[in-house]
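Next comes input-v4.pdb, with PDB, C-alpha atoms, pLDDT in the B column.
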ATOM      1  CA  MET A1361      14.533   7.439   8.600  1.00 38.00           C
ATOM      2  CA  LYS A1362      12.143   5.401  10.658  1.00 40.00           C
ATOM      3  CA  ASN A1363      11.237   1.971   9.398  1.00 42.00           C
ATOM      4  CA  THR A1364       7.541   2.720   9.706  1.00 40.00           C
ATOM      5  CA  PRO A1365       4.809   3.194   7.139  1.00 42.00           C
ATOM      6  CA  ASP A1366       4.091   6.553   5.567  1.00 43.00           C
ATOM      7  CA  GLY A1367       0.950   8.391   6.444  1.00 42.00           C
ATOM      8  CA  VAL A1368      -0.724   9.786   9.474  1.00 40.00           C
ATOM      9  CA  GLY A1369      -0.347   7.537  12.492  1.00 43.00           C
ATOM     10  CA  ARG A1370      -2.544   7.164  15.530  1.00 41.00           C
ATOM     11  CA  GLY A1371      -0.774  10.018  17.262  1.00 43.00           C
ATOM     12  CA  GLY A1372      -1.415  12.307  14.322  1.00 44.00           C
ATOM     13  CA  GLY A1373       2.251  12.376  13.303  1.00 44.00           C
ATOM     14  CA  VAL A1374       3.540  11.615   9.865  1.00 42.00           C
ATOM     15  CA  PHE A1375       5.871   8.663   9.523  1.00 42.00           C
ATOM     16  CA  GLN A1376       8.616   8.271   6.957  1.00 44.00           C
ATOM     17  CA  ALA A1377       9.112   4.952   5.212  1.00 44.00           C
ATOM     18  CA  THR A1378      12.427   3.390   4.476  1.00 48.00           C
ATOM     19  CA  ARG A1379      13.025   4.012   0.775  1.00 51.00           C
ATOM     20  CA  ARG A1380      13.619   0.821  -1.158  1.00 52.00           C
ATOM     21  CA  THR A1381      14.727   0.661  -4.735  1.00 54.00           C
ATOM     22  CA  VAL A1382      13.313  -1.707  -7.286  1.00 52.00           C
ATOM     23  CA  HIS A1383      16.581  -3.620  -7.110  1.00 50.00           C
ATOM     24  CA  ASP A1384      16.171  -4.099  -3.348  1.00 52.00           C
ATOM     25  CA  LEU A1385      12.701  -5.477  -3.893  1.00 50.00           C
ATOM     26  CA  ALA A1386      13.776  -7.697  -6.775  1.00 52.00           C
ATOM     27  CA  ASN A1387      16.610  -9.199  -4.750  1.00 49.00           C
ATOM     28  CA  ARG A1388      14.415 -10.192  -1.807  1.00 52.00           C
ATOM     29  CA  ALA A1389      13.819 -13.903  -1.406  1.00 50.00           C
ATOM     30  CA  LEU A1390      10.722 -15.051  -3.258  1.00 51.00           C
ATOM     31  CA  ASP A1391       8.472 -17.828  -2.066  1.00 57.00           C
ATOM     32  CA  PRO A1392       8.905 -21.022  -4.145  1.00 52.00           C
ATOM     33  CA  GLU A1393       5.783 -20.431  -6.267  1.00 58.00           C
ATOM     34  CA  ARG A1394       6.880 -16.923  -7.224  1.00 57.00           C
ATOM     35  CA  ARG A1395      10.490 -17.996  -7.752  1.00 53.00           C
ATOM     36  CA  VAL A1396       9.379 -20.443 -10.456  1.00 56.00           C
ATOM     37  CA  ALA A1397       7.052 -17.937 -12.098  1.00 55.00           C
ATOM     38  CA  SER A1398       9.317 -14.911 -11.752  1.00 61.00           C
ATOM     39  CA  GLY A1399      11.383 -15.732 -14.839  1.00 76.00           C
ATOM     40  CA  SER A1400       8.332 -15.443 -17.058  1.00 90.00           C
ATOM     41  CA  ILE A1401       7.631 -12.299 -19.079  1.00 92.00           C
ATOM     42  CA  ALA A1402       3.927 -13.188 -18.866  1.00 91.00           C
ATOM     43  CA  TRP A1403       4.191 -13.270 -15.066  1.00 91.00           C
ATOM     44  CA  ALA A1404       5.904  -9.869 -15.016  1.00 93.00           C
ATOM     45  CA  GLU A1405       3.238  -8.467 -17.334  1.00 94.00           C
ATOM     46  CA  THR A1406       0.492  -9.817 -15.064  1.00 94.00           C
ATOM     47  CA  VAL A1407       2.112  -8.276 -11.990  1.00 94.00           C
ATOM     48  CA  LEU A1408       2.344  -4.871 -13.668  1.00 96.00           C
ATOM     49  CA  ARG A1409      -1.228  -5.062 -14.993  1.00 96.00           C
ATOM     50  CA  ASP A1410      -2.474  -6.051 -11.515  1.00 96.00           C
ATOM     51  CA  GLN A1411      -0.635  -3.030 -10.131  1.00 96.00           C
ATOM     52  CA  GLU A1412      -2.365  -0.855 -12.730  1.00 95.00           C
ATOM     53  CA  MET A1413       0.683   0.251 -14.680  1.00 97.00           C
ATOM     54  CA  PRO A1414      -0.537   2.480 -17.533  1.00 96.00           C
ATOM     55  CA  PRO A1415      -0.973   0.393 -20.704  1.00 96.00           C
ATOM     56  CA  HIS A1416       1.298   2.586 -22.842  1.00 96.00           C
ATOM     57  CA  GLU A1417       4.140   2.183 -20.321  1.00 96.00           C
ATOM     58  CA  LEU A1418       3.585  -1.563 -20.123  1.00 96.00           C
ATOM     59  CA  ARG A1419       3.820  -1.781 -23.923  1.00 96.00           C
ATOM     60  CA  VAL A1420       7.182  -0.001 -23.766  1.00 96.00           C
ATOM     61  CA  LEU A1421       8.467  -2.459 -21.163  1.00 96.00           C
ATOM     62  CA  LEU A1422       7.347  -5.453 -23.198  1.00 95.00           C
ATOM     63  CA  THR A1423       8.881  -4.260 -26.463  1.00 95.00           C
ATOM     64  CA  THR A1424      12.048  -2.305 -25.654  1.00 95.00           C
ATOM     65  CA  ALA A1425      15.596  -3.630 -25.859  1.00 95.00           C
ATOM     66  CA  ASP A1426      16.829  -0.774 -23.622  1.00 96.00           C
ATOM     67  CA  ARG A1427      17.466  -2.009 -20.067  1.00 96.00           C
ATOM     68  CA  GLU A1428      17.800   1.527 -18.701  1.00 97.00           C
ATOM     69  CA  LEU A1429      14.407   2.439 -20.152  1.00 97.00           C
ATOM     70  CA  VAL A1430      12.893  -0.599 -18.409  1.00 97.00           C
ATOM     71  CA  HIS A1431      14.506   0.464 -15.139  1.00 97.00           C
ATOM     72  CA  ARG A1432      13.264   4.065 -15.443  1.00 97.00           C
ATOM     73  CA  HIS A1433       9.676   2.984 -16.179  1.00 97.00           C
ATOM     74  CA  VAL A1434       9.635   0.528 -13.284  1.00 97.00           C
ATOM     75  CA  GLU A1435      11.092   3.139 -10.897  1.00 97.00           C
ATOM     76  CA  LEU A1436       8.440   5.635 -12.007  1.00 97.00           C
ATOM     77  CA  HIS A1437       5.688   3.084 -11.449  1.00 97.00           C
ATOM     78  CA  LEU A1438       7.080   2.216  -8.010  1.00 97.00           C
ATOM     79  CA  GLU A1439       6.996   5.903  -7.061  1.00 97.00           C
ATOM     80  CA  ARG A1440       3.339   6.087  -8.148  1.00 97.00           C
ATOM     81  CA  LEU A1441       2.516   3.005  -6.076  1.00 97.00           C
ATOM     82  CA  GLU A1442       4.253   4.479  -3.036  1.00 97.00           C
ATOM     83  CA  GLU A1443       2.396   7.796  -3.429  1.00 97.00           C
ATOM     84  CA  SER A1444      -0.887   5.927  -3.732  1.00 97.00           C
ATOM     85  CA  LEU A1445      -0.127   3.938  -0.601  1.00 97.00           C
ATOM     86  CA  ILE A1446       0.636   7.136   1.324  1.00 98.00           C
ATOM     87  CA  THR A1447      -2.712   8.581   0.233  1.00 97.00           C
ATOM     88  CA  GLN A1448      -4.548   5.379   1.175  1.00 97.00           C
ATOM     89  CA  ARG A1449      -2.849   5.267   4.598  1.00 98.00           C
ATOM     90  CA  ARG A1450      -3.830   8.869   5.289  1.00 98.00           C
ATOM     91  CA  SER A1451      -7.425   8.210   4.262  1.00 98.00           C
ATOM     92  CA  LEU A1452      -7.548   5.079   6.396  1.00 97.00           C
ATOM     93  CA  ALA A1453      -6.101   6.948   9.395  1.00 97.00           C
ATOM     94  CA  ALA A1454      -8.722   9.685   8.952  1.00 97.00           C
ATOM     95  CA  ALA A1455     -11.507   7.089   8.691  1.00 97.00           C
ATOM     96  CA  GLU A1456     -10.188   5.358  11.807  1.00 97.00           C
ATOM     97  CA  GLY A1457     -10.222   8.660  13.685  1.00 96.00           C
ATOM     98  CA  ILE A1458     -13.821   9.334  12.690  1.00 96.00           C
ATOM     99  CA  LEU A1459     -14.947   5.811  13.600  1.00 96.00           C
ATOM    100  CA  THR A1460     -12.976   5.781  16.869  1.00 95.00           C
ATOM    101  CA  GLU A1461     -14.526   9.093  17.904  1.00 94.00           C
ATOM    102  CA  ALA A1462     -18.007   7.816  17.019  1.00 94.00           C
ATOM    103  CA  ALA A1463     -17.383   4.606  18.980  1.00 93.00           C
ATOM    104  CA  GLY A1464     -16.295   6.692  21.960  1.00 91.00           C
ATOM    105  CA  ARG A1465     -19.537   8.659  21.847  1.00 90.00           C
ATOM    106  CA  ARG A1466     -21.526   5.405  21.668  1.00 90.00           C
ATOM    107  CA  GLY A1467     -19.547   3.606  24.361  1.00 84.00           C
ATOM    108  CA  GLY A1468     -19.522   6.124  27.186  1.00 69.00           C
ATOM    109  CA  LEU A1469     -16.464   7.390  29.018  1.00 53.00           C
ATOM    110  CA  THR A1470     -13.973   4.694  28.111  1.00 56.00           C
ATOM    111  CA  GLY A1471     -15.196   4.221  24.586  1.00 48.00           C
ATOM    112  CA  HIS A1472     -14.918   0.455  24.971  1.00 53.00           C
ATOM    113  CA  PRO A1473     -17.659  -1.329  23.006  1.00 52.00           C
ATOM    114  CA  HIS A1474     -18.265  -3.852  25.795  1.00 53.00           C
ATOM    115  CA  ASN A1475     -19.457  -1.116  28.191  1.00 52.00           C
ATOM    116  CA  ASP A1476     -22.922  -1.389  26.730  1.00 52.00           C
ATOM    117  CA  GLU A1477     -23.694  -4.836  25.360  1.00 53.00           C
ATOM    118  CA  ASN A1478     -26.875  -3.577  23.688  1.00 54.00           C
ATOM    119  CA  ALA A1479     -25.182  -0.680  21.870  1.00 53.00           C
ATOM    120  CA  ALA A1480     -24.677  -2.712  18.712  1.00 56.00           C
ATOM    121  CA  LEU A1481     -28.373  -3.552  18.632  1.00 55.00           C
ATOM    122  CA  ARG A1482     -29.579   0.088  18.829  1.00 56.00           C
ATOM    123  CA  PRO A1483     -29.978   2.108  15.642  1.00 59.00           C
ATOM    124  CA  GLU A1484     -27.941   5.356  15.436  1.00 56.00           C
TER     125      GLU A1484
END
Rewrite the coordinates I just gave you, this time as structure tokens.
Amino acid sequence: MKNTPDGVGRGGGVFQATRRTVHDLANRALDPERRVASGSIAWAETVLRDQEMPPHELRVLLTTADRELVHRHVELHLERLEESLITQRRSLAAAEGILTEAAGRRGGLTGHPHNDENAALRPE
């Protein structure tokens, strides 16, 4: 697999991301601030809330004594995050295409915004 982001690229192709497991991500070096905080259950809860983990799943993670259940829920959430990122990348690539095409129409043959210094001042 390519070590490139998922989604539609500039050339219109679809890239494949390198698949990382939760364990790979957890074993990466943390910056000093995160290293200190990373042992805290409250910190972990905040991270998962910030990443919009469903509340019922978060409750399971905070109350279970089953390590495998924790792992499965975190893996599931990671998959959702990755799918969301793919969707966001595709939307961003589509928006870029639309805006690039519009800029090309505004900027003449080369599409470079500096071709017409007054272009930004004219209404569409």
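Minimum atom-to-atom distance to Pro1415 (chain A), evaluated using all atoms listed in the file, belongs to A:His1437 out of A:Ala1463, A:Glu1442, A:His1437, A:Arg1449.
The shortest atom-to-atom distance to Gln1411 (chain A), with all atoms listed in the file taken into account, belongs to A:Ser1444 out of A:Thr1460, A:Ser1444, A:Thr1424, A:Ser1451.
The coordinates place CA of Trp1403 (chain A) at 22.9 Å from CA of Leu1445 (chain A).
Going from CA of Met1413 (chain A) over to CA of Glu1443 (chain A), you cover 13.7 Å.
Interatomic distance, CA of Val1434 (chain A) against CA of Leu1421 (chain A): 8.5 Å.
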